[in-house]
Structures are given as structure tokens and as C-alpha cells.
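Source file: data_4.txt. Holds: compact mmCIF, C-alpha atoms.
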# COMPACT_ATOMS: atom_id res chain seq x y z
CA MET A 280 -7.91 -6.73 -20.74
CA PRO A 281 -9.22 -7.64 -17.22
CA LYS A 282 -11.75 -5.28 -15.69
CA LYS A 283 -9.52 -4.54 -12.70
CA VAL A 284 -6.65 -3.51 -14.94
CA VAL A 285 -8.94 -1.19 -16.89
CA PHE A 286 -10.29 0.28 -13.65
CA VAL A 287 -6.82 0.97 -12.25
CA LEU A 288 -5.63 2.64 -15.47
CA VAL A 289 -8.73 4.80 -15.80
CA PHE A 290 -8.74 5.72 -12.13
CA PHE A 291 -5.02 6.57 -12.26
CA ALA A 292 -5.62 8.90 -15.18
CA LEU A 293 -8.54 10.61 -13.50
CA THR A 294 -6.91 11.18 -10.15
CA LEU A 295 -3.31 12.01 -11.04
CA CYS A 296 -3.47 13.63 -14.44
CA ALA A 297 -6.19 16.07 -13.34
CA LEU A 298 -7.05 17.19 -16.87
CA PRO A 299 -9.80 19.79 -17.21
CA ALA A 300 -13.25 18.23 -17.30
CA ASP A 301 -16.81 18.77 -16.15
CA ALA A 302 -16.20 16.53 -13.11
CA GLU A 303 -12.91 15.30 -11.73
CA SER A 304 -11.81 12.83 -9.10
CA ILE A 305 -9.95 14.06 -6.04
CA PHE A 306 -7.25 12.00 -4.32
CA LYS A 307 -5.29 13.43 -1.38
CA LEU A 308 -2.72 11.86 0.92
CA GLY A 309 -2.48 13.20 4.47
CA ARG A 310 -4.75 16.16 3.68
CA ASN A 311 -8.43 16.95 4.16
CA ILE A 312 -10.91 17.26 1.29
CA HIS A 313 -13.76 19.80 1.37
CA ILE A 314 -16.30 19.49 -1.43
CA THR A 315 -18.61 22.42 -2.00
CA GLY A 316 -21.38 23.01 -4.50
CA ASN A 317 -19.19 25.16 -6.74
CA LYS A 318 -17.60 22.33 -8.69
CA PRO A 319 -18.83 18.80 -9.51
CA VAL A 320 -16.72 15.89 -8.23
CA ASP A 321 -16.59 12.36 -9.64
CA ASN A 322 -14.86 10.43 -6.82
CA ALA A 323 -13.38 11.72 -3.55
CA ILE A 324 -10.65 9.63 -1.91
CA ALA A 325 -8.56 10.65 1.11
CA VAL A 326 -5.86 8.61 2.86
CA GLY A 327 -5.07 10.03 6.28
CA GLY A 328 -7.50 12.92 5.97
CA GLN A 329 -11.14 13.87 6.52
CA ILE A 330 -13.66 14.32 3.71
CA THR A 331 -16.34 16.96 4.19
CA VAL A 332 -19.08 16.94 1.55
CA SER A 333 -21.24 20.02 1.10
CA GLY A 334 -21.99 19.49 -2.58
CA LEU A 335 -22.47 16.83 -5.24
CA VAL A 336 -20.32 13.69 -5.68
CA ASP A 337 -21.31 11.68 -8.74
CA ASN A 338 -19.75 8.40 -7.63
CA HIS A 339 -17.97 7.28 -4.47
CA VAL A 340 -16.57 8.86 -1.30
CA VAL A 341 -13.77 6.85 0.34
CA ALA A 342 -11.81 7.85 3.44
CA VAL A 343 -8.98 5.63 4.76
CA ALA A 344 -7.69 6.50 8.26
CA GLY A 345 -10.07 9.45 8.36
CA SER A 346 -13.73 10.36 8.79
CA VAL A 347 -16.48 11.45 6.40
CA VAL A 348 -18.76 14.39 7.20
CA LEU A 349 -21.92 14.75 5.11
CA THR A 350 -23.53 18.14 5.65
CA SER A 351 -27.18 18.88 4.97
CA GLU A 352 -26.26 19.96 1.41
CA ALA A 353 -24.37 16.72 0.62
CA ILE A 354 -25.49 14.55 -2.30
CA VAL A 355 -23.57 11.32 -3.00
CA ARG A 356 -24.83 9.21 -5.88
CA GLY A 357 -22.51 6.29 -5.16
CA ASN A 358 -21.22 4.62 -2.00
CA VAL A 359 -19.68 6.17 1.10
CA VAL A 360 -16.89 4.12 2.67
CA CYS A 361 -15.00 5.11 5.79
CA ILE A 362 -12.13 2.88 7.00
CA GLY A 363 -10.65 3.74 10.38
CA GLY A 364 -13.04 6.60 11.11
CA VAL A 365 -16.71 7.49 11.42
CA VAL A 366 -19.42 8.75 9.07
CA VAL A 367 -21.31 11.81 10.34
CA ARG A 368 -24.53 12.72 8.51
CA GLY A 369 -26.41 15.97 8.71
CA ASN A 370 -30.16 16.25 8.31
CA GLY A 371 -31.06 16.41 4.64
CA SER A 372 -27.91 14.72 3.33
CA GLN A 373 -28.60 12.28 0.49
CA VAL A 374 -26.69 9.06 -0.24
CA TYR A 375 -28.02 6.84 -3.05
CA GLY A 376 -25.52 4.02 -2.50
CA LYS A 377 -24.43 2.19 0.62
CA ILE A 378 -22.77 3.72 3.68
CA THR A 379 -20.01 1.51 5.08
CA GLU A 380 -18.14 2.36 8.25
CA ILE A 381 -15.20 0.13 9.23
CA ASN A 382 -13.48 0.76 12.54
CA SER A 383 -12.41 -1.10 15.66
CA SER A 384 -16.02 -1.70 16.72
CA ASN A 385 -17.13 -3.54 13.57
CA VAL A 386 -13.99 -4.61 11.72
CA LEU A 387 -14.68 -8.34 12.04
CA ALA A 388 -18.21 -8.03 10.67
CA ALA A 389 -16.99 -5.83 7.82
CA VAL A 390 -14.25 -8.24 6.80
CA SER A 391 -16.68 -11.15 6.93
CA ALA A 392 -19.15 -9.29 4.69
CA ALA A 393 -16.42 -8.30 2.25
CA PHE A 394 -15.09 -11.81 1.78
CA TYR A 395 -18.18 -13.97 2.12
CA ASP A 396 -21.49 -12.19 1.80
CA GLU A 397 -21.03 -9.33 -0.65
CA SER A 398 -17.76 -9.99 -2.49
CA GLN A 399 -19.05 -8.72 -5.85
CA GLU A 400 -20.40 -5.48 -4.40
CA TRP A 401 -17.08 -4.82 -2.66
CA SER A 402 -14.89 -5.41 -5.73
CA TRP A 403 -14.72 -1.71 -6.58
CA LEU A 404 -13.49 -0.94 -3.05
CA THR A 405 -10.70 -3.50 -3.25
CA ASP A 406 -9.66 -1.95 -6.58
CA ILE A 407 -9.43 1.50 -5.00
CA ILE A 408 -7.47 0.24 -1.99
CA TYR A 409 -5.17 -1.71 -4.31
CA PHE A 410 -4.59 1.41 -6.40
CA CYS A 411 -3.84 3.47 -3.27
CA PHE A 412 -1.34 0.84 -2.11
CA LEU A 413 0.43 0.82 -5.48
CA SER A 414 0.58 4.62 -5.53
CA LEU A 415 2.03 4.77 -2.03
CA MET A 416 4.63 2.12 -2.85
CA PHE A 417 5.70 3.98 -6.00
CA ILE A 418 6.05 7.22 -4.03
CA LEU A 419 7.98 5.53 -1.19
CA ALA A 420 10.26 3.74 -3.63
CA ALA A 421 11.10 6.96 -5.46
CA MET A 422 11.79 8.78 -2.18
CA MET A 423 14.03 6.02 -0.85
CA ALA A 424 15.94 5.77 -4.12
CA PHE A 425 16.71 9.50 -3.89
CA LEU A 426 17.24 9.78 -0.12
CA PHE A 427 18.80 6.42 0.82
CA PRO A 428 20.51 4.98 -2.29
CA ARG A 429 23.45 3.54 -0.31
CA ALA A 430 21.16 1.78 2.17
CA LEU A 431 19.17 0.23 -0.68
CA GLU A 432 22.34 -0.83 -2.50
CA THR A 433 23.67 -2.40 0.71
CA MET A 434 20.48 -4.38 1.23
CA MET A 435 20.40 -5.43 -2.43
CA PHE A 436 24.01 -6.64 -2.19
CA SER A 437 23.22 -8.56 0.99
CA ILE A 438 20.14 -10.27 -0.50
CA GLU A 439 21.89 -11.08 -3.78
CA GLY A 440 24.84 -12.69 -2.02
CA ASN A 441 22.83 -14.50 0.65
CA LYS A 442 19.55 -15.56 -0.95
CA ALA A 443 19.03 -18.76 1.05
CA THR A 444 20.03 -17.12 4.33
CA SER A 445 17.81 -14.11 3.65
CA PHE A 446 14.80 -16.29 2.92
CA PHE A 447 15.41 -18.36 6.06
CA CYS A 448 15.74 -15.17 8.15
CA GLY A 449 12.50 -13.93 6.61
CA VAL A 450 10.57 -17.07 7.51
CA LEU A 451 12.04 -17.17 11.02
CA GLY A 452 11.44 -13.45 11.52
CA MET A 453 7.79 -13.65 10.50
CA VAL A 454 7.21 -16.65 12.77
CA MET A 455 8.77 -14.81 15.70
CA LEU A 456 6.95 -11.51 15.19
CA ALA A 457 3.77 -12.44 17.07
CA PRO A 458 5.53 -13.97 20.13
CA PHE A 459 7.96 -11.05 20.23
CA PHE A 460 5.19 -8.44 20.30
CA MET A 461 3.34 -10.47 22.94
CA LEU A 462 6.46 -10.35 25.12
CA LEU A 463 6.59 -6.59 24.68
CA VAL A 464 2.92 -6.27 25.65
CA LEU A 465 3.43 -8.41 28.78
CA SER A 466 6.58 -6.52 29.73
CA PHE A 467 6.21 -3.23 31.60
CA ILE A 468 9.42 -1.93 30.05
CA GLY A 469 8.52 -3.18 26.57
CA ILE A 470 5.13 -1.45 26.22
CA PRO A 471 6.61 2.02 25.43
CA LEU A 472 8.86 0.37 22.82
CA ILE A 473 5.98 -1.14 20.81
CA PRO A 474 5.48 1.88 18.46
CA LEU A 475 9.23 2.09 17.81
CA VAL A 476 9.59 -1.64 17.16
CA PHE A 477 6.49 -1.70 14.94
CA SER A 478 7.85 1.22 12.89
CA LEU A 479 11.21 -0.53 12.53
CA VAL A 480 9.57 -3.78 11.38
CA LEU A 481 7.38 -1.92 8.88
CA LEU A 482 10.43 -0.05 7.58
CA ILE A 483 12.31 -3.33 7.09
CA PHE A 484 9.35 -4.78 5.17
CA VAL A 485 9.15 -1.74 2.88
CA PHE A 486 12.90 -1.49 2.33
CA GLY A 487 13.15 -5.23 1.67
CA PHE A 488 10.27 -5.25 -0.80
CA ILE A 489 11.80 -2.34 -2.70
CA ALA A 490 15.27 -3.94 -2.64
CA VAL A 491 13.98 -7.21 -4.12
CA SER A 492 12.06 -5.26 -6.78
CA ALA A 493 15.22 -3.36 -7.67
CA LEU A 494 17.21 -6.61 -7.92
CA ILE A 495 14.64 -8.11 -10.30
CA GLY A 496 14.58 -4.93 -12.37
CA ARG A 497 18.40 -4.74 -12.49
CA TRP A 498 18.67 -8.38 -13.54
CA LEU A 499 16.16 -7.88 -16.37
CA LEU A 500 17.77 -4.67 -17.59
CA THR A 501 21.22 -6.25 -17.49
CA LYS A 502 20.01 -9.19 -19.56
CA ALA A 503 18.20 -6.94 -22.04
CA PHE A 504 20.90 -4.25 -22.42
CA ARG A 505 24.61 -5.09 -22.31
CA ASN A 506 25.61 -1.50 -21.56
CA HIS A 507 22.99 -0.94 -18.89
CA GLN A 508 24.00 1.82 -16.47
CA LYS A 509 22.74 1.31 -12.93
CA SER A 510 19.68 3.43 -12.15
CA LEU A 511 17.77 2.63 -8.97
CA ILE A 512 14.63 4.44 -10.09
CA LYS A 513 14.39 2.54 -13.39
CA GLU A 514 15.26 -0.78 -11.75
CA ILE A 515 12.73 -0.33 -8.95
CA MET A 516 9.94 0.72 -11.29
CA LEU A 517 10.59 -2.20 -13.63
CA GLY A 518 10.65 -4.55 -10.64
CA PHE A 519 7.33 -3.15 -9.44
CA ILE A 520 5.79 -3.66 -12.87
CA VAL A 521 7.03 -7.26 -12.92
CA TRP A 522 5.65 -7.85 -9.43
CA TRP A 523 2.29 -6.32 -10.39
CA MET A 524 2.05 -8.58 -13.43
CA VAL A 525 3.10 -11.65 -11.48
CA SER A 526 0.69 -10.89 -8.63
CA ARG A 527 -2.22 -11.15 -11.08
CA MET A 528 -1.40 -14.77 -11.98
CA PRO A 529 -4.31 -17.18 -11.38
CA PHE A 530 -4.54 -20.28 -9.17
CA HIS A 531 -2.79 -18.55 -6.24
CA PHE A 532 0.54 -18.49 -8.10
CA GLY A 533 0.61 -14.71 -7.76
CA THR A 534 0.00 -14.93 -4.02
CA ILE A 535 2.73 -17.53 -3.59
CA ILE A 536 5.31 -15.53 -5.56
CA THR A 537 4.37 -12.32 -3.72
CA SER A 538 4.81 -14.13 -0.39
CA ILE A 539 8.28 -15.31 -1.44
CA TRP A 540 9.09 -11.79 -2.65
CA ILE A 541 8.08 -10.23 0.69
CA THR A 542 9.75 -12.94 2.79
CA LEU A 543 13.03 -12.63 0.91
CA GLY A 544 12.99 -8.85 1.29
CA PHE A 545 12.15 -8.94 5.00
CA GLY A 546 14.78 -11.57 5.66
CA GLY A 547 17.33 -9.59 3.69
CA GLY A 548 16.61 -6.55 5.83
CA VAL A 549 16.95 -8.52 9.06
CA PHE A 550 20.15 -10.17 7.82
CA THR A 551 21.61 -6.80 6.79
CA LEU A 552 20.89 -5.27 10.19
CA PHE A 553 22.08 -8.08 12.45
CA ALA A 554 24.61 -10.16 10.52
CA ARG A 555 26.34 -8.07 7.89
CA GLY A 556 28.58 -6.23 10.32
CA PHE A 557 30.02 -9.52 11.57
CA ASN A 558 30.41 -11.26 8.21
CA GLY A 559 31.88 -8.37 6.17
CA PRO A 560 30.87 -7.15 2.72
CA GLY A 561 32.25 -10.06 0.85
CA HIS A 562 30.45 -12.85 2.65
CA LYS A 563 28.34 -15.21 0.56
CA GLY A 564 25.62 -17.38 2.03

Would you mind writing the structure in this file as C-alpha cells?
Amino acid sequence: MPKKVVFVLVFFALTLCALPADAESIFKLGRNIHITGNKPVDNAIAVGGQITVSGLVDNHVVAVAGSVVLTSEAIVRGNVVCIGGVVVRGNGSQVYGKITEINSSNVLAAVSAAFYDESQEWSWLTDIIYFCFLSLMFILAAMMAFLFPRALETMMFSIEGNKATSFFCGVLGMVMLAPFFMLLVLSFIGIPLIPLVFSLVLLIFVFGFIAVSALIGRWLLTKAFRNHQKSLIKEIMLGFIVWWMVSRMPFHFGTIITSIWITLGFGGGVFTLFARGFNGPGHKG
């Protein structure tokens, strides 16, 4: 089994199962983490929150979209990584690994080091970020399946009946994204709309990716079980598993298939928003 797969499975068990142990990993989304000397911690990971260390961390401290505060009592035996924030150290704090701070002032240098100079040393960080991305996508998919089942079904129907058109819309939409945002930046009226437009584009990407995953999962379940009853959760999860397996294919095949997957989903979302109302539910592309 590849090392990355083993890492993801072990890390998933440590962070989400939270079984009693001498030291446990802490993972929080949108919340702060405060580590004191009362309880040992293995890894501390926060997405959208600040990590304050006033005790012992056996391995790594990682903050994404948040800062890291190391008080004078802090002891970190691994690395400290802060993406989108700053690292504040108190006198007497001890860090045995490396301290990496990635923000707007040094993002280019950090990316260059990650991909060219120290790729092996950064492999553990990419594994953690990859795990966080997968966890977020699973959570979002489950929420959307419960809250917006009709919207997902509509997008799935649109993509399934208009595959070529959806893919073409996806390619065209991605090509036009940069010029479109540049026009908004140059336009006095368009500047206030940038956050709204960005949120809409991101939502279309997420919805489209989940819709394509659900289509793949539904197709596989239908082929495997004749009496398969539609279940968005099962179909989405199976589609995600298929995508995860495919994305690990060597020789860039995984990257190519993932790009097609994302493009088809994005195009399907754009097509659903702007064309479906004119063509009607029965239109086939």
C-alpha cells in the first residue's frame, strides 16, 4: 500500500475517531485550538482558526487560514506550519522542527521551495492538506445531499443529457474566468461584485464536482445492482471513492481525468444556470 494512503488512513483514524490514548491529534474546522500542559497532543491542525500552544505537541502544528501562537511554555517536537497567517513566538518556546510561515508576503518563495527545493521534506504537509480537502468535500457533499437534493438532481440530469455541451461550457467558462474578473477589477461598479461573483463561481465548481461524482456512483451502483434505489449520499460517496482512486493513477492520468471531471461539472453548472430554462427539461445536447 502506498505511503500516502497509509498516512491518510492513520491520520483519519487519529483525528476523527478520537479514541482514548496517551496522546491524540486535534483537528478543528472554523474553531480555535488551545493546547495546555494538562494533556499531551500528537498533532494539532486547525482550518480557519488560531492555534495557541502552551504545552507539549509531539509532532506537527498546522494552521490553515489562521495564525499560530507559541507561548513561553510551548514545546513542539515536529514542524510548525502556518498558511495564511503568522507565527508568533514567545521567549522560551521550543520548536525542534522547522517553522514555515506562508502568507501574501512570501507565498511565491514558499511555493518554489515546496515544488523544487525541498519536495521530500514537504510531502507530509501535502498529505495533511490533501486529507483536509477530502474531509471538507465529504462534509460539503453530505450537507448538499441533505439540504439541496433537488438542485443536485437537476444538475445531474442536465450533465447526463448534455455531456458534450457541458464539457464545452466548462472549457469556455474556465478560459473566460480570468478576463471576466479583470473586467470587474477595472470597472468601478464591478469591484463590489467581486466577492459575490467569486462565491458563485466557487459554488458552481463544488456543486458540479459533487454532481459528476454522484453520476459516476449512480452508474456504478445501477450496473452492480439491478434493484438499486436512488440514494444521493451513497452515490456521491462511491463517486468520491472512485475519483480518489483514479486521481492516484501514475503518469499524469489521474490529473487528466480529474481535470475532465472538474471541467464537466463546472460546465454542467454553468449550462444549468444559463441554458436549462430556455431549453426545457427534456432537451438533449

- [ ] Between A:Leu415, A:Leu479, A:Val320, A:Ala420, single out the one closest to Ala353 (chain A), counting only C-alpha atoms.
- [x] A:Val320

- [ ] Might you pull out every residue within 12 Å of Ser526 (chain A), with all atoms listed in the file counted and same-chain residues fewer than 3 positions away left off, and present them as a PyMOL selection string?
- [x] chain A and resi 409+518-523+529-541

Open item on the list: Around the point (-18.0, 17.8, -2.7) (coordinates from the file), which residues reach within 10 Å if we count all atoms listed in the file? Answer as a list in words.
Closed with: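 Checking each residue against the 10 Å limit leaves Ile305, Ile312, His313, Ile314, Thr315, Gly316, Asn317, Lys318, Pro319, Val320, Asp321, Asn322, Ala323, Ile330, Thr331, Val332, Ser333, Gly334, Leu335, Val336, Asp337, Val340, Leu349, Glu352, Ala353, Ile354 and Val355 of chain A.
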
Open item on the list: Could you check the closest approach to Gly376 (chain A) for each of A:Asn338, A:Phe436, A:Arg429, A:Val348 and tell me which residue wins, using only C-alpha atoms?
Closed with: A:Asn338

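Nearest residue to Ala430 (chain A) among A:Thr551, A:Thr542, A:Thr444, A:Thr501 is A:Thr551, counting only C-alpha atoms.
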
Taking only residues of region 464-551 of chain A that have an atom at most 6 Å from an atom of region 445-457 of chain A, what is each one's shortest atom pair and its distance in Å to one decimal, using all atoms listed in the file, in chain and number order, as a Markdown table?
| residue | atom | partner | partner_atom | distance |
| --- | --- | --- | --- | --- |
| A:Thr542 | CA | A:Gly449 | CA | 4.8 |
| A:Leu543 | CA | A:Phe446 | CA | 4.5 |
| A:Phe545 | CA | A:Gly449 | CA | 5.3 |
| A:Gly546 | CA | A:Gly449 | CA | 3.4 |
| A:Gly547 | CA | A:Ser445 | CA | 4.5 |

Open item on the list: Can you measure CA of Ser437 (chain A) to CA of Ala493 (chain A) for me? One decimal in Å is fine.
Closed with: 12.9 Å

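The interatomic distance for the pair CA of His507 (chain A) and CA of Met435 (chain A) works out to 17.3 Å.
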
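Taking CA of Val343 (chain A) and CA of Phe459 (chain A) as the two end points, the separation is 28.4 Å.
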
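Here the question is which of A:Thr433, A:Ser492, A:Ser346, A:Asn506 gets nearest to Gly363 (chain A) using all atoms listed in the file, and that residue is A:Ser346.
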
Task: Test item: residues at most 9 Å from Val485 (chain A), all atoms listed in the file, excluding those fewer than 4 positions along its chain, as a PyMOL selection string - done: chain A and resi 416+419-420+480-481+489-490+541+544-545
